[in-house]
Amino acid sequence: MIEWEYLAKQYKIEGARSRFEEVCTAVLIRKFPERNVKSPQSSSGDGGIDIFIGDLGTAKADIFQCKFFLNRLGPSQKQQIGSSFRKVILADNFRASNWTLCLPIQLTKEEHIWWAQWK
């Protein structure tokens, strides 16, 4: 098991966030070896996309958003999740068939309730 807190201490938050995205990409490549799994170069304006499966702009793609939240999901984290999702559904240069949120934490009961109501 990967110790996410260790990554955060070792690489600082930005470096650990990047490592988390790399791990998520590797898992998806292994899970879907026959599909076109891509991770665009990281930038602050990623449009809500950290990883995608398919071809952006020509067909609907499966979109994955990686959020490196080590603590609980507070109002700020929930706002960031909503903002990323809105960017994807409002994009005019690609279409998503699915949007998946990747987190390095196990949700609490209350967070599961929030997620079920929000999604």
# chains A, B, ... in the order shown; residues from 1 in each chain; ligands from 1

$ residues_around --residues "segment 30-44 of chain A" --least-positions-apart "4" --cutoff "6 Å" --atoms "only C-alpha atoms" --output "ChimeraX atom specification"
/A:50-54

$ write_last_selection --atoms "N, CA, C and O atoms" --output "mmCIF file, in the first residue's frame"
data_model
loop_
_atom_site.group_PDB
_atom_site.id
_atom_site.type_symbol
_atom_site.label_atom_id
_atom_site.label_comp_id
_atom_site.auth_asym_id
_atom_site.auth_seq_id
_atom_site.Cartn_x
_atom_site.Cartn_y
_atom_site.Cartn_z
ATOM 1 N N ASP A 50 -7.442 15.094 -15.575
ATOM 2 C CA ASP A 50 -6.112 14.637 -15.199
ATOM 3 C C ASP A 50 -5.724 13.425 -16.044
ATOM 4 O O ASP A 50 -4.568 13.252 -16.395
ATOM 5 N N ILE A 51 -6.713 12.585 -16.344
ATOM 6 C CA ILE A 51 -6.510 11.392 -17.166
ATOM 7 C C ILE A 51 -7.751 11.246 -18.033
ATOM 8 O O ILE A 51 -8.859 11.575 -17.595
ATOM 9 N N PHE A 52 -7.563 10.737 -19.240
ATOM 10 C CA PHE A 52 -8.737 10.426 -20.058
ATOM 11 C C PHE A 52 -8.507 9.140 -20.824
ATOM 12 O O PHE A 52 -7.366 8.739 -21.075
ATOM 13 N N ILE A 53 -9.608 8.492 -21.154
ATOM 14 C CA ILE A 53 -9.572 7.288 -21.979
ATOM 15 C C ILE A 53 -10.387 7.595 -23.220
ATOM 16 O O ILE A 53 -11.561 7.971 -23.125
ATOM 17 N N GLY A 54 -9.762 7.438 -24.370
ATOM 18 C CA GLY A 54 -10.422 7.739 -25.632
ATOM 19 C C GLY A 54 -9.651 8.819 -26.360
ATOM 20 O O GLY A 54 -8.466 9.031 -26.127
#

$ residues_around --residues "Ile49 of chain A" --least-positions-apart "5" --cutoff "8 Å" --atoms "only C-alpha atoms" --output "compact mmCIF listing (two decimals) with N, CA and C atoms, in the first residue's frame"
# COMPACT_ATOMS: atom_id res chain seq x y z
N PRO A 40 -2.70 14.13 -19.87
CA PRO A 40 -2.11 15.32 -20.48
C PRO A 40 -1.10 15.97 -19.54
N ILE A 63 -13.41 10.60 -18.48
CA ILE A 63 -12.57 11.59 -17.83
C ILE A 63 -12.34 11.20 -16.37
N PHE A 64 -11.11 11.36 -15.91
CA PHE A 64 -10.75 11.07 -14.53
C PHE A 64 -10.11 12.32 -13.93
N GLN A 65 -10.60 12.70 -12.77
CA GLN A 65 -10.06 13.85 -12.04
C GLN A 65 -9.45 13.33 -10.75
N SER A 84 -14.22 21.30 -10.80
CA SER A 84 -13.62 20.42 -11.81
C SER A 84 -14.71 19.75 -12.65
N VAL A 88 -15.67 20.18 -16.92
CA VAL A 88 -15.81 19.07 -17.87
C VAL A 88 -17.16 19.13 -18.58

$ closest_residue --among "A:Thr58, A:Thr100, A:Ser18, A:Thr25" --to "Ile81 of chain A" --atoms "only C-alpha atoms"
A:Thr100

$ select_by_dssp --residues "segment 15-113 of chain A" --states "strand (DSSP E)" --output "mmCIF file with C-alpha atoms, in the first residue's frame"
data_model
loop_
_atom_site.group_PDB
_atom_site.id
_atom_site.type_symbol
_atom_site.label_atom_id
_atom_site.label_comp_id
_atom_site.auth_asym_id
_atom_site.auth_seq_id
_atom_site.Cartn_x
_atom_site.Cartn_y
_atom_site.Cartn_z
ATOM 1 C CA VAL A 37 -5.350 5.909 -21.604
ATOM 2 C CA LYS A 38 -3.683 9.324 -21.619
ATOM 3 C CA ILE A 51 -6.510 11.392 -17.166
ATOM 4 C CA PHE A 52 -8.737 10.426 -20.058
ATOM 5 C CA ILE A 53 -9.572 7.288 -21.979
ATOM 6 C CA ALA A 61 -14.019 10.248 -23.581
ATOM 7 C CA ASP A 62 -13.971 8.853 -20.061
ATOM 8 C CA ILE A 63 -12.569 11.594 -17.827
ATOM 9 C CA PHE A 64 -10.749 11.074 -14.529
ATOM 10 C CA GLN A 65 -10.056 13.847 -12.039
ATOM 11 C CA CYS A 66 -7.434 13.141 -9.364
ATOM 12 C CA ALA A 96 -17.275 13.280 -21.671
ATOM 13 C CA SER A 97 -19.098 9.977 -21.497
ATOM 14 C CA ASN A 98 -18.136 9.466 -17.836
ATOM 15 C CA TRP A 99 -16.440 11.477 -15.105
ATOM 16 C CA THR A 100 -14.651 9.687 -12.277
ATOM 17 C CA LEU A 101 -13.193 11.256 -9.147
ATOM 18 C CA CYS A 102 -10.020 9.635 -7.765
#

$ residues_around --residues "segment 111-113 of chain A" --least-positions-apart "5" --cutoff "9 Å" --atoms "only C-alpha atoms" --output "count of residues only"
3

$ residues_around --residues "Ala91 of chain A" --least-positions-apart "3" --cutoff "12 Å" --atoms "only C-alpha atoms" --output "ChimeraX atom specification"
/A:46-49,56-57,60,84-88,94-96

$ write_last_selection --atoms "C-alpha atoms" --output "CSV table (one decimal), in the first residue's frame"
chain,number,residue,atom,x,y,z
A,46,ASP,CA,-6.4,21.3,-17.0
A,47,GLY,CA,-10.1,21.8,-17.7
A,48,GLY,CA,-11.0,19.2,-15.1
A,49,ILE,CA,-9.0,16.5,-16.8
A,56,LEU,CA,-10.5,14.1,-26.8
A,57,GLY,CA,-12.3,16.2,-29.4
A,60,LYS,CA,-16.8,11.1,-26.0
A,84,SER,CA,-13.6,20.4,-11.8
A,85,PHE,CA,-16.8,18.7,-12.7
A,86,ARG,CA,-18.4,21.9,-14.1
A,87,LYS,CA,-15.4,22.5,-16.3
A,88,VAL,CA,-15.8,19.1,-17.9
A,94,PHE,CA,-14.6,17.8,-26.0
A,95,ARG,CA,-17.4,15.6,-24.6
A,96,ALA,CA,-17.3,13.3,-21.7

$ closest_residue --among "A:Val27, A:Trp115, A:Gln80, A:Phe20" --to "Leu103 of chain A" --atoms "only C-alpha atoms"
A:Phe20

$ select_by_dssp --residues "chain A" --states "helix (DSSP H, G or I)" --output "PyMOL selection string"
chain A and resi 4-31+75-90+109-118

$ atom_distance --atom1 "atom CA of Ile89 of chain A" --atom2 "atom CA of Pro75 of chain A"
21.1 Å

$ residues_around --residues "Ala8 of chain A" --least-positions-apart "6" --cutoff "12 Å" --atoms "only C-alpha atoms" --output "list in words"
Ile2, Glu14, Gly15, Ala16, Arg17, Ser18, Arg19, Phe20, Phe68, Phe69, Leu70, Asn71 and Pro104 of chain A

$ atom_distance --atom1 "atom CA of Gly82 of chain A" --atom2 "atom CA of Lys9 of chain A"
27.2 Å
